[in-house]
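Visitor: run-v9.txt (compact mmCIF, C-alpha atoms and all ligand atoms) pasted underneath:
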# COMPACT_ATOMS: atom_id res chain seq x y z
CA MET A 1 23.18 20.80 22.58
CA ALA A 2 19.79 21.17 24.21
CA ARG A 3 17.34 18.25 23.79
CA ARG A 4 13.61 18.62 23.78
CA GLN A 5 10.83 17.00 25.74
CA LYS A 6 7.15 16.95 25.03
CA PHE A 7 4.77 18.13 27.70
CA ARG A 8 1.01 17.86 27.89
CA THR A 9 -0.93 20.74 26.49
CA THR A 10 -4.45 21.51 25.42
CA ASP A 11 -3.19 23.15 22.25
CA MET A 12 -3.86 21.59 18.89
CA TYR A 13 -0.43 19.98 18.62
CA GLU A 14 2.28 18.94 21.00
CA GLU A 15 4.54 21.63 22.31
CA TYR A 16 8.17 21.25 23.14
CA GLU A 17 10.45 22.85 25.66
CA ASP A 18 14.14 22.70 26.05
CA ILE A 19 15.37 20.60 28.95
CA ASP A 20 18.77 19.78 30.30
CA GLU A 21 21.18 17.09 29.21
CA ALA A 22 21.23 15.35 32.60
CA TYR A 23 17.56 14.44 32.28
CA TRP A 24 18.28 12.51 29.11
CA ASP A 25 21.31 10.81 30.59
CA ARG A 26 19.20 9.44 33.45
CA ARG A 27 16.42 8.48 31.16
CA SER A 28 18.46 6.65 28.57
CA SER A 29 19.51 4.02 31.12
CA LYS A 30 15.88 2.97 31.55
CA PRO A 31 14.28 0.36 29.31
CA LYS A 32 12.44 1.80 26.35
CA PRO A 33 8.65 1.94 26.68
CA LYS A 34 6.83 -0.69 24.62
CA LYS A 35 3.34 0.76 24.48
CA ALA A 36 1.68 4.15 24.61
CA SER A 37 3.45 6.41 27.02
CA ALA A 38 4.18 10.05 27.55
CA ASP A 39 6.54 10.16 24.62
CA LEU A 40 4.99 7.69 22.19
CA ILE A 41 1.77 8.46 20.35
CA SER A 42 -0.30 6.22 18.13
CA GLY A 43 -0.99 6.78 14.48
CA VAL A 44 -1.97 5.25 11.17
CA VAL A 45 0.29 5.21 8.12
CA LEU A 46 -1.39 7.14 5.31
CA ARG A 47 1.19 6.36 2.66
CA SER A 48 4.73 5.41 1.97
CA LEU A 49 7.11 7.88 0.39
CA GLY A 50 10.11 5.69 -0.22
CA HIS A 51 11.96 5.69 3.08
CA HIS A 52 9.55 8.09 4.73
CA TYR A 53 5.97 7.56 5.79
CA GLU A 54 3.11 9.95 6.28
CA VAL A 55 1.60 9.08 9.65
CA ARG A 56 -1.63 10.54 10.97
CA THR A 57 -1.39 10.63 14.71
CA SER A 58 -4.37 10.68 17.01
CA VAL A 59 -4.33 12.03 20.53
CA GLU A 60 -7.43 11.52 22.63
CA ASP A 61 -8.32 13.66 25.60
CA GLU A 62 -11.38 15.21 27.19
CA TYR A 63 -11.89 17.40 24.12
CA GLY A 64 -12.06 14.44 21.75
CA VAL A 65 -9.58 13.00 19.26
CA ARG A 66 -7.18 15.36 17.57
CA HIS A 67 -5.25 14.41 14.46
CA HIS A 68 -2.02 15.59 13.01
CA VAL A 69 0.02 14.37 10.03
CA ARG A 70 3.72 13.82 10.53
CA LEU A 71 6.46 12.75 8.15
CA CYS A 72 8.20 9.85 9.83
CA GLU A 73 11.33 7.81 9.51
CA VAL A 74 11.71 4.32 10.88
CA ARG A 75 13.75 3.32 13.90
CA GLY A 76 16.81 1.42 12.64
CA ARG A 77 16.18 -1.52 14.94
CA LEU A 78 12.77 -2.04 13.31
CA LEU A 79 14.35 -2.10 9.87
CA GLN A 80 16.50 -5.00 10.96
CA GLU A 81 13.73 -6.94 12.71
CA ARG A 82 11.22 -6.98 9.91
CA THR A 83 12.72 -8.09 6.66
CA LYS A 84 10.34 -10.76 5.35
CA ASP A 85 7.11 -8.87 4.86
CA THR A 86 6.72 -5.25 3.94
CA LEU A 87 8.12 -3.36 6.84
CA ILE A 88 5.47 -0.71 6.83
CA ALA A 89 2.51 -0.19 4.51
CA ALA A 90 -0.40 2.21 4.31
CA GLY A 91 -2.89 1.16 6.97
CA ASP A 92 -0.32 0.02 9.52
CA ARG A 93 -0.99 1.16 13.06
CA VAL A 94 2.21 2.48 14.56
CA MET A 95 3.63 4.10 17.66
CA ILE A 96 5.78 7.09 16.93
CA LYS A 97 8.04 9.36 18.87
CA PRO A 98 7.17 12.88 17.75
CA HIS A 99 10.00 15.06 16.64
CA GLY A 100 9.46 18.77 16.24
CA ALA A 101 6.08 19.94 15.02
CA ASP A 102 5.69 17.79 11.92
CA LYS A 103 8.13 14.91 12.10
CA GLY A 104 8.54 11.69 14.00
CA LEU A 105 10.19 8.33 14.32
CA ILE A 106 8.24 5.09 13.97
CA GLU A 107 9.14 2.99 17.01
CA GLU A 108 6.60 0.17 16.87
CA VAL A 109 4.37 -1.44 14.24
CA GLU A 110 1.33 -3.25 15.55
CA PRO A 111 0.61 -6.76 14.23
CA ARG A 112 -1.65 -6.59 11.19
CA GLN A 113 -5.27 -7.70 11.51
CA SER A 114 -5.60 -8.19 7.77
CA VAL A 115 -3.65 -7.57 4.60
CA LEU A 116 -4.44 -6.82 0.99
CA SER A 117 -1.69 -8.29 -1.13
CA ARG A 118 -0.96 -9.31 -4.65
CA GLN A 119 -0.68 -12.88 -3.51
CA GLN A 120 -2.85 -15.35 -1.68
CA PRO A 121 -2.99 -14.98 2.06
CA GLY A 122 -1.27 -17.81 3.88
CA VAL A 123 1.76 -18.04 1.65
CA ASN A 124 4.88 -16.06 2.39
CA VAL A 125 4.17 -12.63 1.02
CA PRO A 126 7.27 -10.96 -0.40
CA ALA A 127 8.02 -7.45 0.70
CA GLU A 128 6.77 -5.54 -2.29
CA ASP A 129 3.48 -7.42 -2.39
CA VAL A 130 1.63 -5.94 0.57
CA ILE A 131 -0.62 -3.25 -0.86
CA LEU A 132 -2.54 -2.28 2.23
CA ALA A 133 -2.43 -3.22 5.91
CA ASN A 134 -5.52 -3.65 8.06
CA PRO A 135 -8.29 -3.20 5.50
CA ASP A 136 -11.67 -3.76 7.17
CA GLN A 137 -13.82 -4.02 4.07
CA ALA A 138 -14.25 -3.14 0.43
CA LEU A 139 -16.93 -0.98 -1.09
CA ILE A 140 -17.41 -1.70 -4.76
CA VAL A 141 -19.39 0.92 -6.60
CA PHE A 142 -21.39 0.34 -9.76
CA ALA A 143 -23.91 2.55 -11.53
CA VAL A 144 -27.31 1.07 -12.22
CA THR A 145 -26.98 2.69 -15.65
CA ARG A 146 -24.59 5.10 -17.45
CA PRO A 147 -22.53 3.00 -17.56
CA ASP A 148 -24.55 -0.22 -17.36
CA PRO A 149 -23.25 -2.53 -14.62
CA HIS A 150 -20.77 -5.13 -15.74
CA LEU A 151 -21.65 -8.04 -13.48
CA ARG A 152 -18.86 -10.30 -14.69
CA MET A 153 -16.47 -7.67 -13.41
CA LEU A 154 -18.35 -7.54 -10.12
CA ASP A 155 -18.09 -11.32 -9.78
CA ARG A 156 -14.41 -11.16 -10.55
CA PHE A 157 -13.92 -8.54 -7.86
CA LEU A 158 -15.93 -10.54 -5.33
CA VAL A 159 -13.65 -13.54 -5.91
CA ILE A 160 -10.58 -11.41 -5.29
CA ALA A 161 -12.16 -9.99 -2.15
CA GLU A 162 -13.17 -13.43 -0.86
CA ALA A 163 -9.67 -14.76 -1.54
CA ASN A 164 -8.28 -11.84 0.46
CA LEU A 165 -10.84 -12.41 3.26
CA LEU A 166 -12.13 -8.91 2.68
CA PRO A 167 -15.84 -8.36 3.41
CA THR A 168 -17.45 -6.53 0.49
CA ILE A 169 -20.37 -4.14 0.29
CA ILE A 170 -21.86 -3.34 -3.08
CA CYS A 171 -23.00 0.22 -3.71
CA VAL A 172 -25.38 0.76 -6.63
CA ASN A 173 -25.25 4.43 -7.57
CA LYS A 174 -27.33 6.64 -9.89
CA ILE A 175 -30.65 5.16 -8.81
CA ASP A 176 -32.17 8.57 -9.58
CA LEU A 177 -31.98 7.49 -13.23
CA VAL A 178 -34.15 4.36 -12.93
CA ASP A 179 -37.02 2.77 -11.11
CA ILE A 180 -35.77 1.25 -7.84
CA ASP A 181 -37.41 -2.08 -8.79
CA TYR A 182 -35.23 -2.19 -11.86
CA ALA A 183 -32.10 -1.71 -9.73
CA LYS A 184 -33.23 -4.41 -7.30
CA GLN A 185 -33.95 -6.82 -10.10
CA ILE A 186 -30.31 -6.59 -11.15
CA PHE A 187 -28.67 -6.66 -7.72
CA SER A 188 -30.97 -8.63 -5.43
CA PRO A 189 -29.29 -11.93 -6.42
CA TYR A 190 -26.26 -10.56 -4.56
CA GLU A 191 -28.34 -9.68 -1.52
CA LYS A 192 -29.77 -13.17 -1.62
CA ILE A 193 -26.32 -14.74 -1.29
CA GLY A 194 -25.44 -12.49 1.62
CA TYR A 195 -23.79 -9.38 0.21
CA ARG A 196 -24.93 -6.07 1.54
CA VAL A 197 -26.20 -3.83 -1.27
CA ILE A 198 -26.64 -0.09 -0.76
CA TYR A 199 -28.77 1.72 -3.33
CA ALA A 200 -27.60 5.30 -3.65
CA SER A 201 -27.61 8.48 -5.64
CA ALA A 202 -24.95 11.11 -5.26
CA GLU A 203 -27.18 13.33 -7.38
CA ASP A 204 -30.28 13.04 -5.21
CA SER A 205 -28.53 12.36 -1.87
CA LEU A 206 -29.99 8.88 -1.50
CA GLY A 207 -28.36 6.15 0.57
CA LEU A 208 -25.75 8.54 1.96
CA GLU A 209 -26.59 7.93 5.61
CA GLU A 210 -26.29 4.21 5.09
CA LEU A 211 -22.95 4.72 3.36
CA GLU A 212 -21.66 6.96 6.10
CA ALA A 213 -22.69 4.41 8.72
CA ILE A 214 -20.78 1.55 7.12
CA LEU A 215 -17.69 3.68 6.50
CA THR A 216 -17.43 5.14 10.00
CA ASP A 217 -14.36 4.09 11.98
CA ARG A 218 -13.20 1.59 9.38
CA ILE A 219 -10.60 1.34 6.64
CA THR A 220 -12.54 0.77 3.42
CA VAL A 221 -11.10 -0.03 0.03
CA VAL A 222 -13.26 1.91 -2.41
CA THR A 223 -13.22 0.71 -5.99
CA GLY A 224 -15.35 0.32 -9.09
CA PRO A 225 -15.27 1.12 -12.79
CA SER A 226 -14.66 4.61 -14.07
CA GLY A 227 -17.64 6.95 -14.31
CA VAL A 228 -19.92 5.20 -11.83
CA GLY A 229 -19.77 8.08 -9.35
CA LYS A 230 -17.19 7.07 -6.76
CA SER A 231 -15.83 10.57 -6.45
CA SER A 232 -19.31 12.06 -6.49
CA LEU A 233 -20.47 9.82 -3.65
CA ILE A 234 -17.49 10.56 -1.43
CA ASN A 235 -17.84 14.25 -2.11
CA ALA A 236 -21.58 14.08 -1.39
CA LEU A 237 -20.76 12.57 2.01
CA HIS A 238 -18.66 15.55 2.82
CA PRO A 239 -18.80 18.39 0.29
CA GLY A 240 -15.72 20.18 1.61
CA LEU A 241 -13.50 17.28 0.73
CA ALA A 242 -13.31 17.58 -3.06
CA LEU A 243 -9.49 17.71 -3.04
CA ASP A 244 -7.64 14.39 -3.37
CA ILE A 245 -10.66 12.22 -3.67
CA GLY A 246 -11.31 13.15 -7.27
CA ASN A 247 -8.22 11.09 -7.99
CA LEU A 248 -9.55 7.88 -6.48
CA ARG A 249 -8.30 5.24 -8.86
CA ASP A 250 -10.71 3.21 -10.93
CA PHE A 251 -11.17 -0.52 -10.95
CA MET A 252 -9.86 -0.85 -14.49
CA ASN A 253 -6.71 1.21 -14.16
CA LYS A 254 -3.94 -0.97 -15.44
CA GLY A 255 -1.44 0.72 -13.24
CA LYS A 256 0.92 2.05 -15.87
CA HIS A 257 1.10 5.53 -14.48
CA THR A 258 -0.17 4.83 -11.00
CA THR A 259 1.95 3.83 -8.08
CA ARG A 260 1.95 0.26 -6.86
CA THR A 261 1.03 1.20 -3.31
CA ALA A 262 -2.10 2.37 -1.60
CA GLN A 263 -2.88 5.50 0.30
CA LEU A 264 -5.41 6.27 2.98
CA LEU A 265 -7.69 9.28 2.80
CA PRO A 266 -9.20 10.30 6.14
CA LEU A 267 -12.90 11.17 6.10
CA PRO A 268 -14.15 13.70 8.61
CA PHE A 269 -16.70 11.54 10.41
CA GLY A 270 -15.70 9.16 13.14
CA ALA A 271 -12.16 9.50 14.44
CA TRP A 272 -10.86 6.49 12.51
CA THR A 273 -12.62 6.64 9.15
CA TYR A 274 -10.40 6.09 6.13
CA ILE A 275 -10.98 5.18 2.56
CA ALA A 276 -8.14 3.45 0.79
CA ASP A 277 -7.17 4.34 -2.72
CA THR A 278 -5.50 1.21 -4.09
CA PRO A 279 -3.84 0.27 -7.36
CA GLY A 280 -6.02 -1.09 -10.16
CA ILE A 281 -7.73 -4.32 -9.37
CA ARG A 282 -5.96 -6.16 -12.17
CA GLU A 283 -2.87 -5.97 -10.05
CA LEU A 284 -4.63 -8.01 -7.40
CA GLY A 285 -4.61 -10.88 -9.85
CA LEU A 286 -6.39 -14.17 -9.76
CA TYR A 287 -3.21 -15.85 -10.89
CA ASP A 288 -2.59 -17.92 -7.81
CA ILE A 289 -6.05 -19.40 -7.38
CA GLU A 290 -6.07 -23.11 -8.20
CA PRO A 291 -8.98 -24.45 -10.31
CA ASP A 292 -10.33 -26.62 -7.49
CA GLU A 293 -10.13 -23.64 -5.12
CA LEU A 294 -12.08 -21.11 -7.17
CA GLY A 295 -15.46 -22.51 -6.12
CA PHE A 296 -14.77 -21.59 -2.50
CA TYR A 297 -14.77 -17.92 -3.47
CA PHE A 298 -18.32 -18.12 -4.82
CA ARG A 299 -19.95 -18.09 -1.41
CA GLU A 300 -23.27 -19.56 -2.53
CA PHE A 301 -21.46 -22.69 -3.75
CA ALA A 302 -20.41 -23.54 -0.19
CA PRO A 303 -23.42 -25.69 0.80
CA TYR A 304 -22.90 -27.90 -2.26
CA ILE A 305 -19.16 -28.25 -2.77
CA HIS A 306 -18.68 -31.07 -0.29
CA ASN A 307 -21.40 -33.09 -2.01
CA CYS A 308 -19.56 -33.31 -5.32
CA ARG A 309 -18.50 -36.86 -6.19
CA PHE A 310 -14.83 -35.89 -6.65
CA PRO A 311 -12.99 -33.92 -3.98
CA ASP A 312 -11.08 -31.97 -6.63
CA CYS A 313 -14.23 -31.25 -8.67
CA THR A 314 -13.97 -28.03 -10.67
CA HIS A 315 -17.78 -27.96 -11.07
CA ASP A 316 -17.40 -27.85 -14.82
CA HIS A 317 -17.69 -31.18 -16.64
CA GLU A 318 -17.30 -33.70 -13.81
CA PRO A 319 -20.07 -36.25 -13.23
CA GLY A 320 -21.85 -36.09 -9.88
CA CYS A 321 -21.22 -32.36 -9.44
CA ALA A 322 -23.52 -30.97 -6.74
CA VAL A 323 -22.85 -27.37 -7.74
CA ARG A 324 -24.06 -27.94 -11.30
CA ALA A 325 -27.07 -29.77 -9.93
CA ALA A 326 -27.86 -26.70 -7.78
CA VAL A 327 -27.61 -24.48 -10.86
CA GLU A 328 -30.03 -26.75 -12.70
CA ALA A 329 -32.39 -26.75 -9.71
CA GLY A 330 -32.38 -22.94 -9.69
CA ASP A 331 -30.62 -22.67 -6.33
CA ILE A 332 -27.51 -21.04 -7.80
CA HIS A 333 -27.97 -18.12 -10.19
CA PRO A 334 -27.01 -19.18 -13.74
CA GLU A 335 -25.18 -15.91 -14.39
CA ARG A 336 -23.01 -16.39 -11.32
CA TYR A 337 -22.23 -19.91 -12.49
CA GLU A 338 -21.36 -18.53 -15.93
CA SER A 339 -18.98 -16.02 -14.27
CA TYR A 340 -17.45 -18.92 -12.39
CA LEU A 341 -16.84 -20.89 -15.60
CA ARG A 342 -15.26 -17.90 -17.29
CA LEU A 343 -12.88 -17.32 -14.42
CA LEU A 344 -12.10 -21.02 -14.31
CA ARG A 345 -11.11 -20.89 -17.96
CA GLY A 346 -9.05 -17.77 -17.40
CA GLU A 347 -11.14 -15.60 -19.69
CA GLU A 348 -10.49 -11.91 -19.31
CA GLU A 349 -13.30 -9.42 -18.91
CA GLU A 350 -13.01 -6.06 -20.58
N1 LIG B 1 -27.53 10.93 -12.55
C1 LIG B 1 -26.49 10.74 -11.75
N2 LIG B 1 -25.24 11.06 -12.17
C2 LIG B 1 -24.22 10.88 -11.31
C3 LIG B 1 -24.41 10.36 -10.01
N3 LIG B 1 -23.19 10.26 -9.41
C4 LIG B 1 -22.29 10.69 -10.32
N4 LIG B 1 -22.89 11.07 -11.46
C5 LIG B 1 -22.24 11.58 -12.67
O1 LIG B 1 -21.45 10.54 -13.23
C6 LIG B 1 -20.25 11.04 -13.79
C7 LIG B 1 -19.04 10.32 -13.20
O2 LIG B 1 -18.94 10.63 -11.80
P1 LIG B 1 -17.58 10.49 -11.00
O3 LIG B 1 -17.88 10.78 -9.57
O4 LIG B 1 -16.49 11.28 -11.63
O5 LIG B 1 -17.28 8.92 -11.20
P2 LIG B 1 -15.95 8.10 -10.82
O6 LIG B 1 -15.16 7.97 -12.08
O7 LIG B 1 -16.46 6.77 -10.38
O8 LIG B 1 -15.25 8.82 -9.73
C8 LIG B 1 -20.25 12.55 -13.48
O9 LIG B 1 -20.72 13.20 -14.64
C9 LIG B 1 -21.25 12.68 -12.36
O10 LIG B 1 -21.88 13.94 -12.34
C10 LIG B 1 -25.75 10.06 -9.59
O11 LIG B 1 -26.03 9.60 -8.46
N5 LIG B 1 -26.73 10.26 -10.51
MG MG B 2 -13.31 9.49 -9.71
ZN ZN B 3 -18.61 -29.99 -8.41
Have the structure of the file written as structure tokens, please.
Guide:
Amino acid sequence: MARRQKFRTTDMYEEYEDIDEAYWDRRSSKPKPKKASADLISGVVLRSLGHHYEVRTSVEDEYGVRHHVRLCEVRGRLLQERTKDTLIAAGDRVMIKPHGADKGLIEEVEPRQSVLSRQQPGVNVPAEDVILANPDQALIVFAVTRPDPHLRMLDRFLVIAEANLLPTIICVNKIDLVDIDYAKQIFSPYEKIGYRVIYASAEDSLGLEELEAILTDRITVVTGPSGVGKSSLINALHPGLALDIGNLRDFMNKGKHTTRTAQLLPLPFGAWTYIADTPGIRELGLYDIEPDELGFYFREFAPYIHNCRFPDCTHDHEPGCAVRAAVEAGDIHPERYESYLRLLRGEEEE
């Protein structure tokens, strides 16, 4: 039976030609290539479909970067090597051997730079608990009004993001509905403690350039409550894209009818721009955070924590607590401290 070999072409996708059996016999005695080569191309996993993966390949040449989505299986050897953590998740950077026009075989998985999981980083993460590989950042969207921002929920999300070492940008949408000073009054405490806040309006095309700039060439987890304008913002960035993005899951989805895994949606600016649609945030629980650890995820507590009298201070009732002293001195925002106490006591926010 004739085998096929890829050859270089300036066409949109790779072309194949039939070549003789002897070529493959010679070739198969050589060691397999480890990195990019004539027959391996790089790609990013968009989503998992059971035992198959949708991989978006990228081939760069003098005309720029061209993308193509292929349905891939995994090389058997890889299946045996990687048993502990999730073999392959959305966001993984892989090397594939293309097969035909739309298929391929995943040959290599690059080490992950970061991981979004249902458990704390550092502990052994069981296979089913990796939600997303290689997230660069999170964008959490709130509306300044309609619906009014729920800051306890924002604080809860920020803790989850800090615990996952995920930098977070806050986007405040619908600023066309209010005075900008009103929006800043609500969100500037977050700017003050070092979070980037982007004030935007999908309706009036405000803040879109800033949004596009921070999204470009990164994998961004986009989340936020329902109705705040997540879909509208993404669509405003690129009007032709209305398709899947309307389904971007909301912060509060409890995951009953949604899948437990993430998927990446490519955006058409930058060659490597993806937003990640992830399961509801409740699934990224706070369950594993110990009481004397929680304070580390409120970044403005950091300068004070080591001054508490007790090393395992929970900054609640303990005497000699430097965090509480900072709240009383006005150096830590009382509402943030209140959010902290509620999380410490395991109170749920609705
Ligand atoms: N006034 C105003 N309304 C907006 C803005 N962005 C979205 N909306 C409206 O808010 C509602 C919810 O938007 P949608 O994008 O579906 O929110 P999602 O649930 O977060 O995806 C829709 O009726 C939008 O038209 C905005 O910037 N200003
Ligand atoms: Mg939506
Ligand atoms: Zn303390």
Visitor: Quote the spacing between CA of Pro334 (chain A) and CA of Ile193 (chain A) in Å to one decimal place.
Guide: 13.2 Å
Visitor: Please provide the set of residues having any atom within 7 Å of Gln137 (chain A), restricted to only C-alpha atoms, with same-chain residues fewer than 3 positions apart removed, written as number ranges by chain.
Guide: A: 166-168, 219-221
Visitor: Just checking: using all atoms listed in the file, which residue out of A:Val74, A:Met95, A:Ile88, A:Leu237 ends up closest to Asp39 (chain A)?
Guide: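 Checking each of A:Val74, A:Met95, A:Ile88, A:Leu237 against Asp39 (chain A), counting all atoms listed in the file, the winner is A:Met95.
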Visitor: Using all atoms listed in the file, find the one residue out of A:Arg75, A:Arg156, A:Ala138, A:Ser42 that sits nearest to Val94 (chain A).
Guide: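 Among the listed residues, A:Ser42 lies closest to Val94 (chain A).
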Visitor: State, in Å with one decimal place, the distance from CA of Arg146 (chain A) to CA of Val172 (chain A).
Guide: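 Separation between CA of Arg146 (chain A) and CA of Val172 (chain A): 11.7 Å.
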